[in-house]
>>> print(open('structure35.cif').read())   # mmCIF, C-alpha atoms
data_start
loop_
_atom_site.label_atom_id
_atom_site.label_comp_id
_atom_site.auth_asym_id
_atom_site.auth_seq_id
_atom_site.Cartn_x
_atom_site.Cartn_y
_atom_site.Cartn_z
CA MET A 13 5.82 42.19 20.41
CA GLU A 14 8.98 41.16 18.65
CA ASN A 15 8.96 39.11 15.49
CA GLY A 16 9.84 35.42 15.73
CA TRP A 17 13.12 35.78 13.85
CA GLN A 18 14.28 38.36 16.41
CA ASN A 19 13.82 35.75 19.12
CA GLY A 20 16.03 33.31 17.29
CA TRP A 21 13.40 31.25 15.52
CA ALA A 22 14.65 29.58 12.36
CA GLU A 23 13.07 27.54 9.63
CA PRO A 24 14.29 23.94 9.78
CA LYS A 25 16.85 23.14 7.12
CA ALA A 26 15.49 21.03 4.29
CA THR A 27 16.99 17.55 4.36
CA ALA A 28 15.01 16.26 1.37
CA LEU A 29 13.90 17.65 -1.97
CA LEU A 30 11.20 16.57 -4.39
CA VAL A 31 12.08 17.91 -7.83
CA LEU A 32 9.46 17.65 -10.56
CA SER A 33 10.19 17.33 -14.28
CA ASP A 34 9.02 20.91 -14.92
CA GLY A 35 11.70 22.23 -12.55
CA THR A 36 9.49 22.71 -9.47
CA VAL A 37 11.46 22.16 -6.25
CA ILE A 38 9.59 21.16 -3.07
CA GLU A 39 11.47 21.15 0.23
CA GLY A 40 10.81 18.87 3.19
CA GLN A 41 12.33 16.64 5.84
CA GLY A 42 13.92 13.38 4.79
CA LEU A 43 12.99 9.97 6.13
CA GLY A 44 13.71 6.37 5.27
CA ALA A 45 16.82 5.55 3.25
CA THR A 46 19.46 8.22 2.72
CA THR A 47 19.45 7.97 -1.03
CA LYS A 48 18.07 9.41 -4.27
CA ALA A 49 15.14 7.94 -6.16
CA SER A 50 13.38 8.78 -9.40
CA GLY A 51 10.12 7.76 -11.02
CA GLU A 52 6.59 8.74 -11.94
CA LEU A 53 4.83 10.68 -9.17
CA CYS A 54 1.31 9.48 -8.34
CA PHE A 55 -1.05 9.87 -5.39
CA ASN A 56 -2.92 7.25 -3.37
CA THR A 57 -6.09 8.11 -1.43
CA ALA A 58 -6.19 5.05 0.85
CA MET A 59 -6.42 5.73 4.58
CA THR A 60 -5.09 2.28 5.54
CA GLY A 61 -2.84 -0.39 4.08
CA TYR A 62 0.27 1.70 3.50
CA GLU A 63 2.57 -1.30 4.02
CA GLU A 64 0.67 -3.33 1.44
CA ILE A 65 0.82 -0.38 -0.96
CA LEU A 66 4.55 0.12 -0.46
CA THR A 67 5.22 -3.57 -1.20
CA ASP A 68 2.82 -3.90 -4.14
CA PRO A 69 4.99 -4.72 -7.21
CA SER A 70 2.50 -2.81 -9.39
CA TYR A 71 4.06 0.41 -8.04
CA ALA A 72 7.45 -0.36 -9.59
CA GLY A 73 8.93 2.81 -11.05
CA GLN A 74 6.69 5.17 -9.07
CA ILE A 75 6.92 7.62 -6.16
CA ILE A 76 3.77 7.53 -4.02
CA THR A 77 2.17 10.58 -2.48
CA PHE A 78 -0.22 9.57 0.31
CA THR A 79 -3.14 11.95 0.60
CA PHE A 80 -4.00 10.69 4.11
CA PRO A 81 -1.88 12.81 6.49
CA HIS A 82 -0.96 10.21 9.12
CA ILE A 83 1.06 7.42 7.54
CA GLY A 84 3.08 5.07 9.72
CA ASN A 85 1.05 5.40 12.91
CA VAL A 86 0.41 1.63 13.20
CA GLY A 87 3.94 0.58 12.30
CA VAL A 88 4.73 -2.40 10.07
CA ASN A 89 4.98 -6.16 10.39
CA ASP A 90 6.13 -9.08 8.25
CA GLU A 91 2.59 -10.47 7.82
CA ASP A 92 1.33 -7.56 5.71
CA ILE A 93 4.03 -7.54 3.04
CA GLU A 94 2.64 -8.17 -0.46
CA THR A 95 5.79 -9.08 -2.41
CA VAL A 96 6.06 -12.84 -2.69
CA ASN A 97 9.82 -12.81 -2.12
CA MET A 98 10.24 -11.29 1.34
CA ALA A 99 13.87 -10.43 0.59
CA SER A 100 13.18 -8.67 -2.70
CA SER A 101 13.33 -4.91 -2.96
CA SER A 102 10.11 -2.95 -3.21
CA GLY A 103 9.03 -1.84 -6.65
CA VAL A 104 8.09 1.59 -5.30
CA ARG A 105 10.84 4.20 -5.66
CA GLY A 106 9.91 6.69 -2.94
CA VAL A 107 7.22 8.00 -0.61
CA VAL A 108 5.84 11.51 0.01
CA LEU A 109 4.08 12.26 3.33
CA HIS A 110 2.39 15.19 5.00
CA ALA A 111 3.17 14.54 8.67
CA PRO A 112 6.31 13.04 10.20
CA ILE A 113 6.08 9.36 11.11
CA THR A 114 4.98 8.79 14.69
CA GLU A 115 5.77 5.88 16.99
CA PRO A 116 3.71 2.77 16.10
CA ALA A 117 0.52 2.35 18.09
CA ASN A 118 -0.67 -1.14 17.26
CA TYR A 119 -0.10 -4.48 18.96
CA ARG A 120 0.78 -6.17 15.63
CA ALA A 121 3.61 -3.73 14.90
CA SER A 122 7.09 -5.21 14.90
CA ARG A 123 8.94 -2.21 13.49
CA HIS A 124 8.84 1.56 13.04
CA LEU A 125 7.98 2.57 9.46
CA ASP A 126 11.07 4.76 9.20
CA ALA A 127 13.38 1.85 10.09
CA TRP A 128 11.48 -0.38 7.70
CA LEU A 129 11.90 2.14 4.86
CA LYS A 130 15.63 2.31 5.56
CA ALA A 131 15.91 -1.50 5.47
CA ARG A 132 14.09 -1.63 2.13
CA ASN A 133 16.13 1.29 0.69
CA ILE A 134 13.09 3.49 0.12
CA ALA A 135 13.65 7.24 0.43
CA GLY A 136 10.92 9.52 1.72
CA ILE A 137 10.06 13.14 2.33
CA ALA A 138 7.66 14.59 4.94
CA GLY A 139 6.31 18.04 5.71
CA ILE A 140 4.68 18.33 2.28
CA ASP A 141 1.33 19.93 1.47
CA THR A 142 0.09 16.69 -0.06
CA ARG A 143 -3.34 18.17 -0.84
CA ALA A 144 -1.75 20.83 -3.05
CA LEU A 145 0.53 18.25 -4.67
CA THR A 146 -2.42 15.94 -5.33
CA ALA A 147 -4.40 18.79 -6.91
CA ARG A 148 -1.42 19.52 -9.15
CA ILE A 149 -1.27 15.88 -10.32
CA ARG A 150 -5.03 15.84 -10.95
CA GLU A 151 -4.79 18.96 -13.08
CA GLY A 152 -1.55 18.28 -14.95
CA GLY A 153 -1.17 14.51 -14.87
CA MET A 154 1.49 12.34 -13.24
CA PRO A 155 4.90 14.00 -13.65
CA ASN A 156 8.28 12.39 -13.39
CA ALA A 157 10.22 13.41 -10.31
CA VAL A 158 13.42 12.92 -8.35
CA LEU A 159 13.35 12.52 -4.56
CA ALA A 160 16.67 13.17 -2.79
CA PHE A 161 17.40 12.73 0.94
CA ASP A 162 20.61 14.09 2.48
CA PRO A 163 20.72 14.56 6.29
CA ASP A 164 23.13 17.49 5.80
CA GLY A 165 20.87 19.18 3.27
CA ASN A 166 23.53 19.40 0.56
CA PHE A 167 21.92 19.24 -2.88
CA ASP A 168 22.93 20.08 -6.43
CA VAL A 169 19.53 21.48 -7.32
CA GLU A 170 20.32 22.18 -10.96
CA ALA A 171 21.58 18.63 -11.47
CA LEU A 172 18.40 17.26 -9.88
CA LYS A 173 16.29 19.42 -12.21
CA ARG A 174 18.16 18.08 -15.24
CA GLU A 175 17.75 14.51 -14.03
CA ALA A 176 14.01 14.93 -13.46
CA ALA A 177 13.53 16.53 -16.88
CA GLY A 178 15.39 13.68 -18.59
CA LEU A 179 13.46 10.78 -17.08
CA PRO A 180 11.62 8.56 -19.60
CA SER A 181 7.84 8.42 -19.80
CA MET A 182 6.02 5.37 -18.44
CA ASP A 183 4.70 4.90 -21.98
CA GLY A 184 6.56 2.01 -23.59
CA LEU A 185 8.25 0.79 -20.39
CA ASP A 186 8.18 -2.92 -19.57
CA LEU A 187 8.70 -2.95 -15.79
CA VAL A 188 7.75 -6.58 -15.22
CA PRO A 189 11.25 -8.21 -15.46
CA PRO A 190 12.51 -6.78 -12.13
CA VAL A 191 9.39 -7.92 -10.20
CA THR A 192 8.49 -11.32 -11.68
CA THR A 193 9.70 -14.54 -10.10
CA ALA A 194 12.91 -16.04 -11.45
CA GLN A 195 11.68 -19.61 -11.16
CA ARG A 196 8.53 -21.67 -10.78
CA PHE A 197 7.13 -22.34 -7.29
CA ASP A 198 4.03 -23.73 -5.62
CA TRP A 199 1.74 -21.89 -3.19
CA ASP A 200 -0.64 -23.27 -0.55
CA GLN A 201 -0.96 -20.51 2.08
CA THR A 202 -4.56 -19.39 2.71
CA VAL A 203 -6.04 -16.23 4.22
CA TRP A 204 -5.30 -14.77 7.66
CA GLU A 205 -7.69 -15.46 10.53
CA TRP A 206 -7.93 -13.62 13.81
CA SER A 207 -5.75 -15.24 16.51
CA LYS A 208 -4.74 -18.03 14.10
CA GLY A 209 -2.65 -16.35 11.43
CA TYR A 210 -2.38 -17.81 7.94
CA GLY A 211 -3.62 -21.30 7.13
CA HIS A 212 -2.64 -23.89 4.53
CA LEU A 213 -4.67 -25.51 1.78
CA GLN A 214 -5.88 -29.05 2.39
CA ASP A 215 -7.21 -31.31 -0.39
CA PRO A 216 -7.14 -28.89 -3.36
CA ALA A 217 -9.88 -29.32 -5.94
CA TYR A 218 -8.24 -27.52 -8.88
CA ARG A 219 -4.82 -26.79 -10.30
CA VAL A 220 -4.17 -23.17 -11.28
CA VAL A 221 -1.13 -21.77 -13.03
CA ALA A 222 -0.57 -18.12 -12.06
CA VAL A 223 1.53 -16.08 -14.49
CA ASP A 224 3.54 -13.66 -12.35
CA TYR A 225 3.78 -10.15 -13.77
CA GLY A 226 4.21 -8.78 -10.21
CA ILE A 227 1.76 -10.88 -8.23
CA LYS A 228 0.58 -10.04 -4.70
CA ARG A 229 0.55 -12.51 -1.84
CA ASN A 230 -3.11 -12.02 -0.99
CA ILE A 231 -4.19 -12.96 -4.51
CA LEU A 232 -2.42 -16.27 -4.07
CA ARG A 233 -3.98 -16.72 -0.63
CA LEU A 234 -7.50 -16.21 -1.95
CA LEU A 235 -6.90 -18.62 -4.82
CA ALA A 236 -5.69 -21.21 -2.30
CA ALA A 237 -8.63 -20.49 0.02
CA ALA A 238 -10.94 -21.15 -2.94
CA GLY A 239 -9.48 -24.67 -3.22
CA CYS A 240 -6.81 -24.08 -5.85
CA ALA A 241 -3.35 -25.63 -5.78
CA VAL A 242 -1.37 -22.77 -7.34
CA THR A 243 1.83 -23.00 -9.34
CA VAL A 244 3.40 -19.60 -9.99
CA VAL A 245 5.48 -19.22 -13.15
CA PRO A 246 7.68 -16.38 -14.50
CA ALA A 247 6.17 -13.79 -16.83
CA THR A 248 8.06 -15.13 -19.85
CA THR A 249 6.87 -18.73 -19.47
CA SER A 250 5.73 -20.19 -22.79
CA ALA A 251 2.22 -21.44 -23.45
CA ASP A 252 3.56 -24.96 -23.96
CA ASP A 253 5.21 -24.93 -20.53
CA ILE A 254 2.02 -23.62 -18.92
CA LEU A 255 -0.14 -26.24 -20.63
CA ALA A 256 2.34 -28.99 -19.69
CA LEU A 257 1.33 -28.37 -16.05
CA LYS A 258 -2.22 -29.43 -17.02
CA PRO A 259 -3.98 -26.48 -15.37
CA ASP A 260 -7.70 -26.38 -14.77
CA GLY A 261 -7.36 -22.61 -15.08
CA VAL A 262 -4.79 -19.88 -15.67
CA PHE A 263 -4.52 -16.69 -13.65
CA LEU A 264 -2.96 -13.51 -15.13
CA SER A 265 -1.57 -11.33 -12.35
CA ASN A 266 -1.25 -7.66 -11.63
CA GLY A 267 2.00 -5.83 -12.40
CA PRO A 268 3.64 -2.51 -13.31
CA GLY A 269 4.42 -0.58 -16.47
CA ASP A 270 2.91 -0.22 -19.93
CA PRO A 271 0.78 -3.28 -20.79
CA ALA A 272 1.55 -2.86 -24.49
CA ALA A 273 5.27 -3.24 -23.75
CA THR A 274 4.82 -6.34 -21.59
CA GLY A 275 2.34 -7.61 -24.15
CA GLU A 276 5.11 -8.01 -26.73
CA TYR A 277 5.91 -11.38 -25.15
CA ALA A 278 2.83 -11.99 -22.97
CA VAL A 279 0.02 -11.51 -25.50
CA PRO A 280 1.06 -14.38 -27.86
CA VAL A 281 1.08 -16.74 -24.87
CA ILE A 282 -2.39 -15.60 -23.79
CA ARG A 283 -3.73 -16.03 -27.32
CA THR A 284 -2.50 -19.63 -27.38
CA LEU A 285 -4.24 -20.28 -24.06
CA LEU A 286 -7.43 -18.76 -25.48
CA ASP A 287 -7.18 -21.08 -28.48
CA ARG A 288 -6.99 -24.06 -26.08
CA ASP A 289 -10.17 -22.87 -24.31
CA VAL A 290 -8.51 -22.78 -20.87
CA PRO A 291 -10.47 -20.88 -18.17
CA ILE A 292 -8.69 -17.56 -17.57
CA PHE A 293 -8.98 -14.93 -14.83
CA GLY A 294 -6.97 -11.70 -14.94
CA ILE A 295 -6.45 -8.81 -12.54
CA CYS A 296 -5.01 -5.32 -13.25
CA LEU A 297 -2.12 -5.71 -15.72
CA GLY A 298 -3.41 -9.22 -16.45
CA HIS A 299 -6.78 -7.67 -17.30
CA GLN A 300 -5.19 -5.20 -19.67
CA MET A 301 -3.11 -7.83 -21.45
CA LEU A 302 -6.10 -10.15 -21.78
CA GLY A 303 -7.86 -7.23 -23.46
CA LEU A 304 -4.90 -6.76 -25.82
CA ALA A 305 -4.92 -10.48 -26.64
CA LEU A 306 -8.61 -10.22 -27.52
CA GLY A 307 -8.01 -7.27 -29.86
CA ALA A 308 -8.65 -4.21 -27.66
CA ARG A 309 -6.30 -1.28 -27.06
CA THR A 310 -4.86 0.27 -23.90
CA ARG A 311 -4.31 3.94 -23.12
CA LYS A 312 -2.29 5.97 -20.64
CA MET A 313 -4.45 7.68 -18.00
CA LYS A 314 -3.94 11.27 -16.89
CA GLN A 315 -3.76 10.64 -13.14
CA GLY A 316 -4.50 6.94 -12.91
CA HIS A 317 -6.55 5.25 -10.22
CA HIS A 318 -4.76 4.69 -6.91
CA GLY A 319 -6.79 4.20 -3.76
CA ALA A 320 -9.15 2.03 -1.73
CA ASN A 321 -12.39 3.98 -2.15
CA HIS A 322 -13.28 3.51 -5.80
CA PRO A 323 -16.91 2.65 -6.69
CA VAL A 324 -17.22 0.14 -9.52
CA LYS A 325 -20.43 -1.24 -10.99
CA ASP A 326 -20.69 -4.91 -11.92
CA PHE A 327 -23.14 -5.03 -14.83
CA THR A 328 -23.57 -8.79 -14.40
CA THR A 329 -25.10 -8.37 -10.94
CA ASP A 330 -26.18 -4.70 -11.14
CA LYS A 331 -24.37 -4.09 -7.85
CA VAL A 332 -21.83 -1.43 -6.87
CA GLU A 333 -18.60 -2.48 -5.18
CA ILE A 334 -16.09 -0.37 -3.28
CA VAL A 335 -12.74 -1.52 -4.61
CA SER A 336 -9.01 -0.97 -4.44
CA MET A 337 -7.34 0.43 -7.54
CA ASN A 338 -3.75 0.81 -8.68
CA HIS A 339 -3.20 1.46 -12.36
CA GLY A 340 -1.98 4.18 -14.70
CA PHE A 341 -3.18 2.49 -17.90
CA ALA A 342 -6.66 1.29 -18.85
CA LEU A 343 -8.41 -0.65 -21.57
CA ASP A 344 -10.06 1.65 -24.09
CA ARG A 345 -13.72 0.65 -23.77
CA ASP A 346 -14.44 1.93 -27.28
CA SER A 347 -11.92 -0.57 -28.68
CA LEU A 348 -13.52 -3.70 -27.24
CA PRO A 349 -14.15 -6.05 -30.19
CA GLU A 350 -17.31 -8.02 -30.89
CA GLY A 351 -17.75 -10.88 -28.46
CA VAL A 352 -15.95 -9.09 -25.62
CA VAL A 353 -18.45 -7.79 -23.07
CA GLU A 354 -17.78 -4.96 -20.62
CA THR A 355 -18.69 -6.35 -17.18
CA HIS A 356 -17.46 -3.57 -14.86
CA ALA A 357 -17.00 0.20 -15.07
CA SER A 358 -15.68 2.91 -12.77
CA LEU A 359 -18.37 5.20 -11.37
CA PHE A 360 -15.73 7.94 -10.98
CA ASP A 361 -14.86 8.40 -14.64
CA GLY A 362 -16.64 5.63 -16.58
CA SER A 363 -13.42 3.86 -17.53
CA ASN A 364 -13.45 0.14 -18.17
CA CYS A 365 -12.92 -2.09 -15.12
CA GLY A 366 -13.83 -5.55 -16.37
CA ILE A 367 -14.41 -7.72 -19.43
CA ALA A 368 -15.63 -11.23 -20.27
CA LEU A 369 -15.49 -13.29 -23.44
CA SER A 370 -19.00 -14.24 -24.54
CA GLY A 371 -19.75 -17.92 -24.13
CA ARG A 372 -16.26 -18.70 -22.82
CA PRO A 373 -14.83 -19.16 -19.28
CA VAL A 374 -12.64 -16.07 -19.65
CA PHE A 375 -12.90 -12.83 -17.67
CA SER A 376 -10.81 -10.16 -15.96
CA VAL A 377 -11.10 -7.03 -13.82
CA GLN A 378 -9.07 -3.87 -13.53
CA HIS A 379 -9.44 -3.48 -9.77
CA HIS A 380 -7.93 -5.57 -6.95
CA PRO A 381 -10.58 -7.89 -5.45
CA GLU A 382 -8.05 -9.32 -2.99
CA ALA A 383 -7.32 -5.97 -1.32
CA SER A 384 -10.57 -5.98 0.72
CA PRO A 385 -11.51 -2.29 0.90
CA GLY A 386 -15.23 -3.12 0.76
CA PRO A 387 -14.07 -5.13 2.74
CA GLN A 388 -14.99 -8.23 0.72
CA ASP A 389 -17.24 -6.80 -1.97
CA SER A 390 -15.24 -8.39 -4.79
CA HIS A 391 -14.23 -11.77 -3.34
CA TYR A 392 -17.00 -13.37 -5.41
CA LEU A 393 -14.72 -13.07 -8.44
CA PHE A 394 -12.52 -15.87 -7.11
CA LYS A 395 -15.65 -18.00 -6.70
CA ARG A 396 -16.61 -17.13 -10.29
CA PHE A 397 -13.21 -18.37 -11.49
CA VAL A 398 -13.64 -21.63 -9.56
CA GLU A 399 -17.15 -22.09 -10.98
CA ASN A 400 -15.74 -21.65 -14.48
CA MET A 401 -13.11 -24.31 -13.80
CA ALA A 402 -15.71 -26.62 -12.26
CA SER A 403 -17.94 -26.26 -15.29
CA ARG A 404 -15.05 -26.82 -17.69
CA HIS A 405 -13.76 -29.73 -15.61
CA GLY A 406 -17.19 -31.35 -15.78
CA VAL A 407 -17.36 -30.97 -19.56
CA ALA A 408 -13.89 -32.50 -19.90
CA ALA A 409 -14.82 -35.40 -17.63
CA VAL A 410 -17.95 -36.15 -19.67
CA ALA A 411 -15.97 -36.00 -22.93
CA GLN A 412 -13.35 -38.36 -21.52
CA HIS A 413 -16.05 -40.78 -20.33
CA ASN A 414 -17.79 -40.76 -23.71
CA ALA A 415 -14.49 -41.38 -25.49
#
>>> encode(input="structure35.cif", output="structure tokens")
Amino acid sequence: MENGWQNGWAEPKATALLVLSDGTVIEGQGLGATTKASGELCFNTAMTGYEEILTDPSYAGQIITFTFPHIGNVGVNDEDIETVNMASSSGVRGVVLHAPITEPANYRASRHLDAWLKARNIAGIAGIDTRALTARIREGGMPNAVLAFDPDGNFDVEALKREAAGLPSMDGLDLVPPVTTAQRFDWDQTVWEWSKGYGHLQDPAYRVVAVDYGIKRNILRLLAAAGCAVTVVPATTSADDILALKPDGVFLSNGPGDPAATGEYAVPVIRTLLDRDVPIFGICLGHQMLGLALGARTRKMKQGHHGANHPVKDFTTDKVEIVSMNHGFALDRDSLPEGVVETHASLFDGSNCGIALSGRPVFSVQHHPEASPGPQDSHYLFKRFVENMASRHGVAAVAQHNA
């Protein structure tokens, strides 16, 4: 029997390259936008929710490797986008897939993922052994990388290697400015219901100011569904401007980059809010910066936590939740000062996933309770925030009456 090459078989020409900072070159087939992208390479283990992941501002500056092999098979639609500004570009730089994108097979799909990636200027590469790439990241940490897509397969490989090697570390990078809102706005959309779509808040009970470090739509929806009239403000908003809105509580949002870098301007604001005894709830980057404001330290993680299957224990209830994670930095649990209690911890590696300030209506979590992987294991945290505001509101009302 003749060999395949004698019958005219040929390996397909590579139309995309993934070049790692150590000079490794991985060939594949391009998809999405015909462009070049660079950033920190991470992996995500979620089997669903790829559109939400690709529009999560917390992924700004990163290239995502999906470990699940079939990404794109249910298409995309406008309802599942997580960026607040529908017209804004995605924070994610690129996407790495195992299998080519198939035609969408879901009644909610309004577009093919490949067309959607092109429209959002996100480059991708398929045909990759994502298991091997994930193992490499787990062993060596998250490398910087350049992803290049050229339909003709013309690449200056040496130039790409130099570019990848010269990329800055995520340490010290403040990536919030490109993803925060430019101006204040109000939010009243509530959660999606089958056959009804999204609702709108009626008769809000509390006013919440949400500081936008890269906030996700579903966080705002769950706050509204909990009875909160939400005003979203830019990341650089001063404490005086926040307090002038007379909030019953302040929410600190998720976001990308090094929390210590963003904390240069965010931490003093949070400390002022703490001094005023305002109820505070933080998620992800907001959790990390609350920790910094309370005197803890943050650290860069080797591979980070990115996925929808992470077990976290809530020490306040003694229950285990299955949660969604997306972070490359974490609070150093050994640096938590006196009076700051660890409320949650990862059962994968023991890292800190939640804190609370003793005797005060202040708490935060590292994971994403709005992402519903459990599917609603962590929604109680929004109720906890409301209960803190209700308690504080009652105390204020009594004090006003007595005065």
>>> atom_distance(input="structure35.cif", atom1="atom CA of A:Tyr71", atom2="atom CA of A:Arg148")
19.9 Å
>>> resolve_selection(input="structure35.cif", expression="the PyMOL selection byres ((chain A and resi 194) around 12)", output="list in words")
Val96, Asn97, Ser100, Val188, Pro189, Pro190, Val191, Thr192, Thr193, Gln195, Arg196, Phe197, Val223, Asp224, Tyr225, Gly226, Val244, Val245, Pro246, Ala247, Thr248 and Thr249 of chain A
>>> residues_around(input="structure35.cif", residues="A:Ala272", least_positions_apart="2", cutoff="9 Å", atoms="only C-alpha atoms", output="PyMOL selection string")
chain A and resi 183-186+269-270+274-276+279+300-301+304+309-310
>>> resolve_selection(input="structure35.cif", expression="the PyMOL selection byres ((chain A and resi 92) around 12)", output="MDAnalysis selection string")
chainID A and resid 60:68 86:91 93:96 98 120:122 203:204 209:210 228:230 383
>>> write_last_selection(input="structure35.cif", atoms="C-alpha atoms", output="PDB file, keeping the file's coordinate frame")
ATOM      1  CA  THR A  60      -5.090   2.280   5.540  1.00  0.00           C
ATOM      2  CA  GLY A  61      -2.840  -0.390   4.080  1.00  0.00           C
ATOM      3  CA  TYR A  62       0.270   1.700   3.500  1.00  0.00           C
ATOM      4  CA  GLU A  63       2.570  -1.300   4.020  1.00  0.00           C
ATOM      5  CA  GLU A  64       0.670  -3.330   1.440  1.00  0.00           C
ATOM      6  CA  ILE A  65       0.820  -0.380  -0.960  1.00  0.00           C
ATOM      7  CA  LEU A  66       4.550   0.120  -0.460  1.00  0.00           C
ATOM      8  CA  THR A  67       5.220  -3.570  -1.200  1.00  0.00           C
ATOM      9  CA  ASP A  68       2.820  -3.900  -4.140  1.00  0.00           C
ATOM     10  CA  VAL A  86       0.410   1.630  13.200  1.00  0.00           C
ATOM     11  CA  GLY A  87       3.940   0.580  12.300  1.00  0.00           C
ATOM     12  CA  VAL A  88       4.730  -2.400  10.070  1.00  0.00           C
ATOM     13  CA  ASN A  89       4.980  -6.160  10.390  1.00  0.00           C
ATOM     14  CA  ASP A  90       6.130  -9.080   8.250  1.00  0.00           C
ATOM     15  CA  GLU A  91       2.590 -10.470   7.820  1.00  0.00           C
ATOM     16  CA  ILE A  93       4.030  -7.540   3.040  1.00  0.00           C
ATOM     17  CA  GLU A  94       2.640  -8.170  -0.460  1.00  0.00           C
ATOM     18  CA  THR A  95       5.790  -9.080  -2.410  1.00  0.00           C
ATOM     19  CA  VAL A  96       6.060 -12.840  -2.690  1.00  0.00           C
ATOM     20  CA  MET A  98      10.240 -11.290   1.340  1.00  0.00           C
ATOM     21  CA  ARG A 120       0.780  -6.170  15.630  1.00  0.00           C
ATOM     22  CA  ALA A 121       3.610  -3.730  14.900  1.00  0.00           C
ATOM     23  CA  SER A 122       7.090  -5.210  14.900  1.00  0.00           C
ATOM     24  CA  VAL A 203      -6.040 -16.230   4.220  1.00  0.00           C
ATOM     25  CA  TRP A 204      -5.300 -14.770   7.660  1.00  0.00           C
ATOM     26  CA  GLY A 209      -2.650 -16.350  11.430  1.00  0.00           C
ATOM     27  CA  TYR A 210      -2.380 -17.810   7.940  1.00  0.00           C
ATOM     28  CA  LYS A 228       0.580 -10.040  -4.700  1.00  0.00           C
ATOM     29  CA  ARG A 229       0.550 -12.510  -1.840  1.00  0.00           C
ATOM     30  CA  ASN A 230      -3.110 -12.020  -0.990  1.00  0.00           C
ATOM     31  CA  ALA A 383      -7.320  -5.970  -1.320  1.00  0.00           C
TER      32      ALA A 383
END
>>> resolve_selection(input="structure35.cif", expression="the PyMOL selection byres ((chain A and resi 77) around 6)", output="ChimeraX atom specification")
/A:55,76,78,107-108
>>> write_last_selection(input="structure35.cif", atoms="C-alpha atoms", output="PDB file, keeping the file's coordinate frame")
ATOM      1  CA  PHE A  55      -1.050   9.870  -5.390  1.00  0.00           C
ATOM      2  CA  ILE A  76       3.770   7.530  -4.020  1.00  0.00           C
ATOM      3  CA  PHE A  78      -0.220   9.570   0.310  1.00  0.00           C
ATOM      4  CA  VAL A 107       7.220   8.000  -0.610  1.00  0.00           C
ATOM      5  CA  VAL A 108       5.840  11.510   0.010  1.00  0.00           C
TER       6      VAL A 108
END
>>> atom_distance(input="structure35.cif", atom1="atom CA of A:Ala320", atom2="atom CA of A:Leu109")
17.5 Å
>>> atom_distance(input="structure35.cif", atom1="atom CA of A:Glu23", atom2="atom CA of A:Gly40")
11.0 Å
>>> closest_residue(input="structure35.cif", among="A:Gly303, A:Gly371, A:Gly362, A:Pro381", to="A:Pro349", atoms="only C-alpha atoms")
A:Gly303
>>> closest_residue(input="structure35.cif", among="A:Ala251, A:Leu129, A:Ile134, A:Ala222", to="A:Phe293", atoms="only C-alpha atoms")
A:Ala222
>>> closest_residue(input="structure35.cif", among="A:His110, A:Arg105, A:His299, A:Lys25", to="A:Asn166", atoms="only C-alpha atoms")
A:Lys25
>>> residues_near_point(input="structure35.cif", point="(-4.4, 7.3, 6.8)", cutoff="7 Å", atoms="only C-alpha atoms", output="list in words")
Ala58, Met59, Thr60, Phe80, Pro81, His82 and Ile83 of chain A
>>> write_last_selection(input="structure35.cif", atoms="C-alpha atoms", output="PDB file, keeping the file's coordinate frame")
ATOM      1  CA  ALA A  58      -6.190   5.050   0.850  1.00  0.00           C
ATOM      2  CA  MET A  59      -6.420   5.730   4.580  1.00  0.00           C
ATOM      3  CA  THR A  60      -5.090   2.280   5.540  1.00  0.00           C
ATOM      4  CA  PHE A  80      -4.000  10.690   4.110  1.00  0.00           C
ATOM      5  CA  PRO A  81      -1.880  12.810   6.490  1.00  0.00           C
ATOM      6  CA  HIS A  82      -0.960  10.210   9.120  1.00  0.00           C
ATOM      7  CA  ILE A  83       1.060   7.420   7.540  1.00  0.00           C
TER       8      ILE A  83
END
>>> closest_residue(input="structure35.cif", among="A:Arg311, A:His317, A:His379, A:His212", to="A:Ser347", atoms="all atoms listed in the file")
A:Arg311
